[in-house]
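Engineer: Sharing data-v5.cif (mmCIF, C-alpha atoms and all ligand atoms) below.
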```
data_work
loop_
_atom_site.label_atom_id
_atom_site.label_comp_id
_atom_site.auth_asym_id
_atom_site.auth_seq_id
_atom_site.Cartn_x
_atom_site.Cartn_y
_atom_site.Cartn_z
CA MET A 1 72.93 101.60 113.95
CA LYS A 2 69.53 102.91 115.10
CA LYS A 3 70.69 105.05 118.02
CA LEU A 4 71.79 108.56 117.06
CA LEU A 5 75.50 109.29 117.65
CA PRO A 6 76.58 105.77 118.68
CA THR A 7 79.75 105.97 120.76
CA SER A 8 82.80 103.73 120.54
CA ILE A 9 86.49 103.72 121.34
CA VAL A 10 89.10 103.50 118.58
CA GLY A 11 90.68 100.36 119.97
CA SER A 12 92.90 99.80 122.94
CA LEU A 13 92.25 100.26 126.64
CA PRO A 14 94.84 99.92 129.43
CA LYS A 15 95.30 96.33 130.56
CA PRO A 16 94.95 95.18 134.20
CA SER A 17 98.33 95.25 135.96
CA TRP A 18 98.14 91.50 136.70
CA LEU A 19 98.05 90.81 132.95
CA ALA A 20 100.71 93.22 131.67
CA PRO A 21 102.53 96.21 133.22
CA PRO A 22 100.38 99.25 132.43
CA GLU A 23 101.08 102.54 130.65
CA LYS A 24 103.50 101.25 128.03
CA LEU A 25 103.45 99.83 124.54
CA TRP A 26 104.63 96.25 123.80
CA SER A 27 104.12 95.51 127.50
CA PRO A 28 105.13 91.87 128.22
CA TRP A 29 102.56 89.36 129.51
CA LYS A 30 102.81 88.43 133.17
CA LEU A 31 101.08 85.06 132.70
CA GLU A 32 101.82 81.99 130.58
CA LYS A 33 99.97 79.31 128.61
CA LYS A 34 96.56 78.35 130.04
CA GLU A 35 96.71 81.06 132.70
CA LEU A 36 97.48 83.64 130.02
CA LEU A 37 94.47 82.56 127.98
CA GLU A 38 92.20 82.78 131.02
CA GLY A 39 93.75 86.10 132.01
CA LYS A 40 93.12 87.55 128.56
CA GLN A 41 89.49 86.43 128.69
CA ASP A 42 89.03 87.97 132.12
CA ALA A 43 90.55 91.19 130.83
CA LEU A 44 88.10 91.10 127.91
CA ARG A 45 85.24 90.79 130.40
CA ILE A 46 86.55 93.81 132.32
CA ALA A 47 87.01 95.89 129.17
CA LEU A 48 83.43 95.09 128.18
CA GLN A 49 82.13 95.94 131.66
CA GLU A 50 83.99 99.27 131.71
CA GLN A 51 82.58 100.27 128.34
CA GLN A 52 79.06 99.23 129.36
CA LEU A 53 79.29 101.12 132.66
CA ALA A 54 80.29 104.24 130.73
CA GLY A 55 77.38 103.76 128.33
CA ILE A 56 79.49 103.10 125.23
CA ASP A 57 77.24 101.84 122.41
CA ILE A 58 79.59 99.91 120.12
CA ILE A 59 81.81 97.57 122.12
CA SER A 60 85.48 96.87 121.33
CA ASP A 61 87.82 94.29 122.83
CA GLY A 62 90.06 97.05 124.20
CA GLU A 63 92.86 95.05 122.51
CA GLN A 64 93.24 93.08 125.73
CA THR A 65 94.42 89.94 123.95
CA ARG A 66 97.18 91.54 121.92
CA GLN A 67 100.51 93.03 122.88
CA HIS A 68 100.51 95.59 120.07
CA PHE A 69 98.01 96.60 117.40
CA VAL A 70 100.31 95.60 114.53
CA THR A 71 102.89 93.07 115.71
CA THR A 72 100.45 90.63 117.28
CA PHE A 73 98.81 90.07 113.89
CA ILE A 74 102.17 89.70 112.17
CA GLU A 75 103.29 87.13 114.77
CA HIS A 76 100.61 84.78 113.50
CA LEU A 77 101.82 84.85 109.90
CA SER A 78 104.38 82.50 108.41
CA GLY A 79 107.36 83.95 106.55
CA VAL A 80 108.30 86.43 109.27
CA ASP A 81 111.38 86.03 111.47
CA PHE A 82 110.84 87.38 114.98
CA GLU A 83 114.23 86.22 116.29
CA ASN A 84 116.64 88.19 114.10
CA ARG A 85 115.09 91.63 114.32
CA LYS A 86 116.08 94.86 112.61
CA ILE A 87 115.83 98.46 113.71
CA VAL A 88 113.63 100.55 111.43
CA LYS A 89 112.19 104.03 111.62
CA ILE A 90 108.45 103.74 112.07
CA ARG A 91 106.44 106.25 110.05
CA ASP A 92 109.69 108.22 109.51
CA ARG A 93 109.52 109.10 113.20
CA TYR A 94 111.00 106.74 115.77
CA ASP A 95 113.25 103.68 115.85
CA ALA A 96 111.82 100.32 116.80
CA SER A 97 113.14 96.77 116.78
CA VAL A 98 110.92 94.92 114.31
CA PRO A 99 110.63 91.44 112.77
CA VAL A 100 111.96 90.64 109.29
CA VAL A 101 110.06 89.21 106.30
CA VAL A 102 112.20 86.29 105.09
CA ASP A 103 109.74 84.30 102.96
CA GLN A 104 106.27 84.43 101.45
CA VAL A 105 103.84 85.64 104.12
CA THR A 106 100.70 83.59 104.63
CA ARG A 107 98.05 83.34 107.31
CA LYS A 108 98.20 79.74 108.47
CA LYS A 109 95.67 80.14 111.26
CA ALA A 110 93.10 82.57 112.63
CA VAL A 111 94.49 85.32 114.84
CA PHE A 112 91.63 86.97 116.77
CA VAL A 113 88.64 84.85 115.79
CA ASP A 114 88.37 82.92 119.07
CA ASP A 115 88.66 86.19 121.03
CA ALA A 116 85.90 87.73 118.91
CA LYS A 117 83.65 84.72 119.46
CA PHE A 118 84.28 85.01 123.20
CA LEU A 119 83.37 88.74 123.24
CA ARG A 120 80.33 88.10 121.02
CA LYS A 121 78.95 85.70 123.65
CA GLN A 122 79.21 88.33 126.41
CA THR A 123 77.11 91.13 124.90
CA ASN A 124 74.19 91.80 122.59
CA LYS A 125 75.52 95.23 121.67
CA PRO A 126 77.22 95.76 118.29
CA ILE A 127 80.91 94.89 118.42
CA LYS A 128 83.80 96.42 116.50
CA TRP A 129 87.12 94.69 115.92
CA ALA A 130 90.33 96.44 114.89
CA LEU A 131 92.97 94.99 112.57
CA PRO A 132 96.11 96.73 111.35
CA GLY A 133 95.96 98.13 107.83
CA PRO A 134 98.28 96.70 105.14
CA MET A 135 100.39 99.85 104.76
CA THR A 136 100.91 100.26 108.50
CA MET A 137 101.95 96.59 108.68
CA VAL A 138 104.53 97.14 105.93
CA ASP A 139 105.84 100.09 107.91
CA THR A 140 106.23 98.04 111.10
CA LEU A 141 108.74 95.46 109.84
CA HIS A 142 111.77 95.00 107.63
CA ASP A 143 111.32 93.26 104.26
CA ASN A 144 114.09 90.97 103.01
CA HIS A 145 111.90 88.95 100.65
CA TYR A 146 109.50 90.94 98.44
CA LYS A 147 111.70 94.06 98.28
CA SER A 148 108.58 95.97 97.35
CA ARG A 149 106.29 97.75 99.81
CA GLU A 150 103.41 97.44 97.38
CA LYS A 151 103.79 93.67 96.87
CA LEU A 152 104.15 93.06 100.61
CA ALA A 153 101.07 95.19 101.33
CA TRP A 154 99.11 93.12 98.83
CA GLU A 155 100.08 89.88 100.59
CA PHE A 156 99.12 91.38 103.94
CA ALA A 157 95.80 92.53 102.47
CA LYS A 158 95.02 88.95 101.43
CA ALA A 159 95.80 87.68 104.94
CA LEU A 160 93.73 90.47 106.50
CA ASN A 161 90.81 89.68 104.23
CA GLU A 162 90.85 86.02 105.35
CA GLU A 163 90.87 87.12 108.99
CA ALA A 164 88.16 89.76 108.41
CA ARG A 165 85.81 87.25 106.77
CA GLU A 166 86.16 84.93 109.77
CA LEU A 167 85.64 87.80 112.22
CA GLN A 168 82.48 88.72 110.32
CA ASP A 169 81.26 85.11 110.56
CA ALA A 170 82.02 85.21 114.31
CA GLY A 171 79.47 88.02 114.63
CA VAL A 172 81.61 91.15 114.48
CA ASP A 173 79.49 94.09 113.25
CA ILE A 174 82.23 96.53 112.26
CA ILE A 175 85.78 95.65 111.19
CA GLN A 176 88.17 98.57 111.52
CA PHE A 177 91.58 98.82 109.87
CA ASP A 178 94.15 101.02 111.61
CA GLU A 179 96.16 102.96 109.03
CA PRO A 180 98.12 105.75 110.75
CA ALA A 181 100.69 105.35 107.94
CA PHE A 182 98.09 106.90 105.58
CA ASN A 183 98.83 110.24 107.25
CA VAL A 184 102.51 110.06 106.32
CA PHE A 185 102.97 108.34 102.94
CA PHE A 186 100.42 110.16 100.78
CA ASN A 187 101.83 109.14 97.41
CA ASP A 188 101.85 105.48 98.42
CA VAL A 189 98.24 105.76 99.62
CA ASN A 190 97.18 107.04 96.24
CA ASP A 191 99.42 104.64 94.26
CA TRP A 192 98.69 101.36 96.06
CA GLY A 193 97.70 101.87 99.71
CA MET A 194 94.01 102.35 99.07
CA ALA A 195 93.97 99.48 96.57
CA ALA A 196 95.45 97.21 99.25
CA MET A 197 92.79 98.42 101.69
CA GLU A 198 90.06 97.59 99.16
CA LYS A 199 91.55 94.09 98.87
CA ALA A 200 91.42 93.72 102.67
CA ILE A 201 87.67 94.53 102.75
CA GLU A 202 86.76 92.61 99.58
CA GLY A 203 83.55 90.58 99.88
CA LEU A 204 82.68 91.72 103.41
CA ASN A 205 79.02 92.36 104.25
CA CYS A 206 79.62 93.82 107.69
CA GLU A 207 80.50 97.49 108.04
CA THR A 208 84.12 98.49 107.52
CA ALA A 209 86.09 101.36 109.02
CA ILE A 210 89.50 102.90 108.50
CA HIS A 211 91.22 104.67 111.40
CA ILE A 212 93.71 107.37 110.42
CA CYS A 213 95.25 109.29 113.30
CA TYR A 214 98.41 111.08 114.35
CA GLY A 215 99.46 108.19 116.62
CA TYR A 216 99.33 107.16 120.25
CA GLY A 217 100.09 109.85 122.82
CA ILE A 218 103.75 108.86 123.11
CA LYS A 219 106.67 111.31 123.06
CA ALA A 220 107.85 110.61 119.49
CA ASN A 221 104.36 111.29 118.13
CA ASN A 222 103.80 114.35 120.29
CA ASP A 223 107.18 115.79 119.18
CA TRP A 224 106.30 115.11 115.53
CA LYS A 225 102.97 116.91 115.90
CA LYS A 226 104.84 120.01 117.04
CA THR A 227 106.56 120.13 113.63
CA LEU A 228 103.33 120.06 111.65
CA GLY A 229 102.51 123.75 111.99
CA THR A 230 99.27 125.42 112.93
CA GLU A 231 97.08 123.59 110.43
CA TRP A 232 97.32 119.83 109.89
CA ARG A 233 96.15 119.22 106.33
CA GLN A 234 97.40 115.63 105.86
CA TYR A 235 93.85 114.33 105.52
CA GLU A 236 93.34 116.57 102.51
CA GLU A 237 95.87 114.49 100.52
CA ILE A 238 94.07 111.19 101.02
CA PHE A 239 90.38 112.01 101.49
CA PRO A 240 89.54 112.19 97.77
CA LYS A 241 90.70 108.57 97.36
CA ILE A 242 88.85 107.49 100.50
CA GLN A 243 85.69 109.25 99.33
CA LYS A 244 85.65 107.01 96.25
CA SER A 245 86.41 103.82 98.20
CA ASN A 246 84.06 101.15 99.54
CA ILE A 247 84.99 101.91 103.16
CA ASP A 248 81.87 102.75 105.20
CA ILE A 249 83.33 104.59 108.19
CA VAL A 250 86.35 106.89 108.57
CA SER A 251 87.83 107.35 112.06
CA LEU A 252 89.64 110.65 112.58
CA GLU A 253 91.67 112.52 115.19
CA CYS A 254 89.86 115.80 115.90
CA HIS A 255 89.84 116.89 119.55
CA ASN A 256 92.78 119.16 120.49
CA SER A 257 94.28 118.57 117.06
CA CYS A 258 95.05 121.19 114.43
CA VAL A 259 93.05 119.41 111.75
CA PRO A 260 90.69 121.93 110.11
CA PHE A 261 87.18 120.54 110.54
CA ASN A 262 86.13 121.62 107.07
CA LEU A 263 88.39 118.90 105.57
CA ILE A 264 85.67 116.45 106.64
CA GLU A 265 83.55 117.95 103.87
CA LEU A 266 85.80 116.06 101.43
CA ILE A 267 84.36 112.75 102.65
CA ARG A 268 80.75 113.82 103.14
CA GLY A 269 78.47 110.83 102.81
CA LYS A 270 80.82 108.53 104.73
CA LYS A 271 80.12 107.76 108.36
CA ILE A 272 82.67 109.61 110.48
CA MET A 273 84.07 108.43 113.78
CA VAL A 274 84.96 111.82 115.20
CA GLY A 275 87.74 111.73 117.81
CA ALA A 276 86.35 113.84 120.64
CA ILE A 277 88.77 112.56 123.29
CA ASP A 278 92.49 113.43 123.31
CA VAL A 279 94.56 110.35 124.17
CA ALA A 280 97.81 112.33 124.49
CA THR A 281 96.92 113.96 127.80
CA ASN A 282 95.89 112.78 131.25
CA ASN A 283 93.46 115.68 131.53
CA ILE A 284 89.95 114.31 131.40
CA GLU A 285 87.75 116.29 129.02
CA THR A 286 84.65 117.96 130.36
CA SER A 287 81.40 116.92 128.73
CA GLU A 288 81.10 120.45 127.31
CA GLU A 289 84.54 120.14 125.65
CA VAL A 290 83.44 116.90 124.00
CA ALA A 291 80.19 118.54 122.92
CA THR A 292 82.07 121.51 121.42
CA THR A 293 84.16 119.21 119.20
CA LEU A 294 81.07 117.31 118.06
CA ARG A 295 79.23 120.56 117.25
CA GLN A 296 82.14 121.62 115.03
CA ALA A 297 82.08 118.27 113.26
CA LEU A 298 78.31 118.46 112.76
CA LYS A 299 78.83 121.35 110.35
CA PHE A 300 80.34 118.82 107.95
CA VAL A 301 78.77 115.48 108.96
CA ASP A 302 75.07 114.66 108.89
CA PRO A 303 73.95 113.64 112.40
CA GLU A 304 73.02 110.11 111.30
CA ASN A 305 76.61 109.64 110.08
CA LEU A 306 78.36 110.94 113.21
CA TYR A 307 79.99 108.29 115.41
CA PRO A 308 81.64 109.98 118.43
CA SER A 309 84.86 108.29 119.48
CA THR A 310 88.38 108.77 120.80
CA ASN A 311 91.32 110.18 118.82
CA CYS A 312 93.24 106.90 119.08
CA GLY A 313 93.83 103.97 121.43
CA MET A 314 94.15 104.47 125.18
CA ALA A 315 96.67 101.70 125.97
CA PRO A 316 99.38 104.11 127.23
CA LEU A 317 97.03 105.80 129.77
CA SER A 318 96.25 104.78 133.34
CA ARG A 319 93.03 102.85 133.88
CA ASN A 320 91.45 105.65 135.92
CA VAL A 321 92.16 108.24 133.26
CA ALA A 322 90.83 105.96 130.51
CA GLN A 323 87.64 105.30 132.48
CA GLY A 324 87.20 109.04 133.09
CA LYS A 325 87.58 109.69 129.36
CA LEU A 326 85.00 107.01 128.50
CA ASN A 327 82.52 108.68 130.86
CA ALA A 328 83.30 112.12 129.42
CA LEU A 329 82.63 110.84 125.90
CA SER A 330 79.22 109.49 126.87
CA LYS A 331 78.19 112.60 128.81
CA GLY A 332 79.33 114.95 126.03
CA VAL A 333 77.40 112.95 123.44
CA GLU A 334 74.29 113.10 125.63
CA ILE A 335 74.40 116.92 125.43
CA ILE A 336 74.40 116.82 121.62
CA ARG A 337 71.68 114.17 121.44
CA LYS A 338 69.44 116.49 123.48
CA GLU A 339 70.27 119.45 121.23
CA LEU A 340 69.47 117.42 118.11
CA ALA A 341 66.16 116.23 119.63
CA ILE A 342 64.85 119.78 119.98
ZN ZN B 1 95.32 105.83 116.19
#
```
Would you kindly transcribe this structure into structure tokens?
Ligand SMILES: [Zn+2]

Structural biologist:
Amino acid sequence: MKKLLPTSIVGSLPKPSWLAPPEKLWSPWKLEKKELLEGKQDALRIALQEQQLAGIDIISDGEQTRQHFVTTFIEHLSGVDFENRKIVKIRDRYDASVPVVVDQVTRKKAVFVDDAKFLRKQTNKPIKWALPGPMTMVDTLHDNHYKSREKLAWEFAKALNEEARELQDAGVDIIQFDEPAFNVFFNDVNDWGMAAMEKAIEGLNCETAIHICYGYGIKANNDWKKTLGTEWRQYEEIFPKIQKSNIDIVSLECHNSCVPFNLIELIRGKKIMVGAIDVATNNIETSEEVATTLRQALKFVDPENLYPSTNCGMAPLSRNVAQGKLNALSKGVEIIRKELAI
């Protein structure tokens, strides 16, 4: 990336209301079959246009073609029963009705590759594609077959690696794995979670990123954050392992969070997507607020490794708020670029 401080979003943007009811997760599609396909492609075009208008440098799909960042990928795998669901507690936090693993899981067909090819045709800018991480996938279903979180994660990692290689061949520049579960199950990260992540990125030549946040701005996550005290040191438990990994970019929640910035020192040398936009509030940041967060991060990240971004996905927000936050990100970054140019 030649431009200093290239901006990007973590992943999701709100969908148009004609495609899926806005401001909620797992929002059902309003269209079917061929119309749904066309509708998703039109939504991709809009997501691209909104990012370009805001001056975002690395383009994402805004997750317009998926219902949810984890379950849509799982839906495309064999061995998973979506009919007879079970209630599980996601990330030890909130109940959700999830599918059940009933047999060996395999990826029989590509999941997002056609969507990535479609987006690739629409822009010459670098594009980033998000996939769920193996541990977060394990945490978003019930396993009746492997009876081992580690074994199931390994199978998911193999499926993710197949998908990632095809996304790379489709022209995706950065493949990002979303692993919010890394912030909860530290021992598992160190025992097998990072190994599964390495399997998922094996053999890739494009850049790879891991996104580790404190979750979407939904009530269960916001309530959980209130229990974490005045300093959130979860990253400290996992950064040493990430530092040694082959992952190129680490995406973090920073703005309005209680994460001490100096923890970023533990992964110096990695590129850091610094979350400078809070996705848990409708308040739109001022450009100076964004700049303040980036200045704090710059004490621990070399400027050429700083990738300003959002804390997490913006699917639960209104479209106006999301657009305002995209603009704020760009304007705040512009302030820092000028300061660094002096
Ligand atoms: Zn996130």

Engineer: Between A:Lys30, A:His145, A:Arg85, A:Lys15, which has the minimum distance to Asp42 of chain A (counting only C-alpha atoms)?

Structural biologist: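 Comparing A:Lys30, A:His145, A:Arg85, A:Lys15 against Asp42 of chain A, the winner is A:Lys15.
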
Engineer: With all atoms listed in the file as the counted atoms, please give the residues lying no more than 10 Å from Ser330 of chain A, apart from itself and same-chain residues fewer than 2 positions off, as an MDAnalysis selection string.

Structural biologist: chainID A and resid 5:8 51 54:57 287 290:291 308:309 325:328 332:335

Engineer: Taking all atoms listed in the file into account, list the residues no farther than 8 Å from ligand ZN 1 (chain B), as a list in words.

Structural biologist: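 Within the 8 Å cut-off, the matching residues are Val10, Asp178, Glu179, Pro180, His211, Ile212, Cys213, Tyr214, Gly215, Tyr216, Glu253, Asn311, Cys312 and Gly313 of chain A.
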
Engineer: Taking into account only C-alpha atoms, which residue in the set A:Ile277, A:Val184, A:Ile218, A:Val113 is nearest to Gln168 of chain A?

Structural biologist: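 So, comparing all the options, the nearest one is A:Val113.
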
Engineer: Please determine, counting only C-alpha atoms, which residue among A:Trp224, A:Tyr235, A:Trp192, A:Phe156 has the shortest atom-to-atom distance to Leu77 of chain A.

Structural biologist: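 Checking each of A:Trp224, A:Tyr235, A:Trp192, A:Phe156 against Leu77 of chain A, counting only C-alpha atoms, the winner is A:Phe156.
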
Engineer: With a distance cut-off of 9 Å and only C-alpha atoms, select the neighbouring residues of segment 201-205 of chain A, excluding the residue or stretch itself and same-chain residues fewer than 4 positions from it, and output the selection as an MDAnalysis selection string.

Structural biologist: chainID A and resid 157 160:161 164:165 168 175 196:197 246:247

Engineer: So which residues are close to (77.3, 86.2, 117.5), meaning at most 6 Å away in the file's coordinates with all atoms listed in the file counted, and can you show them as a PyMOL selection string?

Structural biologist: chain A and resi 120+170-171

Engineer: Would you list the contacts of segment 257-264 of chain A as a ChimeraX atom specification, taking every protein, DNA or RNA residue within 7 Å and counting all atoms listed in the file, but skipping same-chain residues closer than 5 positions in sequence?

Structural biologist: /A:230-233,236,296-297,300

Engineer: Let me make sure I understand: among A:Glu237, A:Val274, A:Asp95, A:Leu167, which one has the smallest atom-to-atom distance to Leu252 of chain A if we use all atoms listed in the file?

Structural biologist: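 Looking only at the distances to Leu252 of chain A, the closest residue turns out to be A:Val274.
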
Engineer: To one decimal place, how far is atom CA of Val88 of chain A from atom CA of Asp278 of chain A in Å?

Structural biologist: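 Distance between the two atoms: 27.5 Å.
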
Engineer: Do you have the atom CA of Arg66 of chain A-atom CA of Ile238 of chain A distance handy?

Structural biologist: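 The value is 28.9 Å.
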
Engineer: Please indicate the distance in Å from atom CA of Tyr146 of chain A to atom CA of Ala195 of chain A, rounded to one decimal place.

Structural biologist: 17.8 Å

Engineer: Taking all atoms listed in the file into account, which of A:His142, A:Arg268, A:Lys89, A:His68 comes nearest Val102 of chain A?

Structural biologist: A:His142
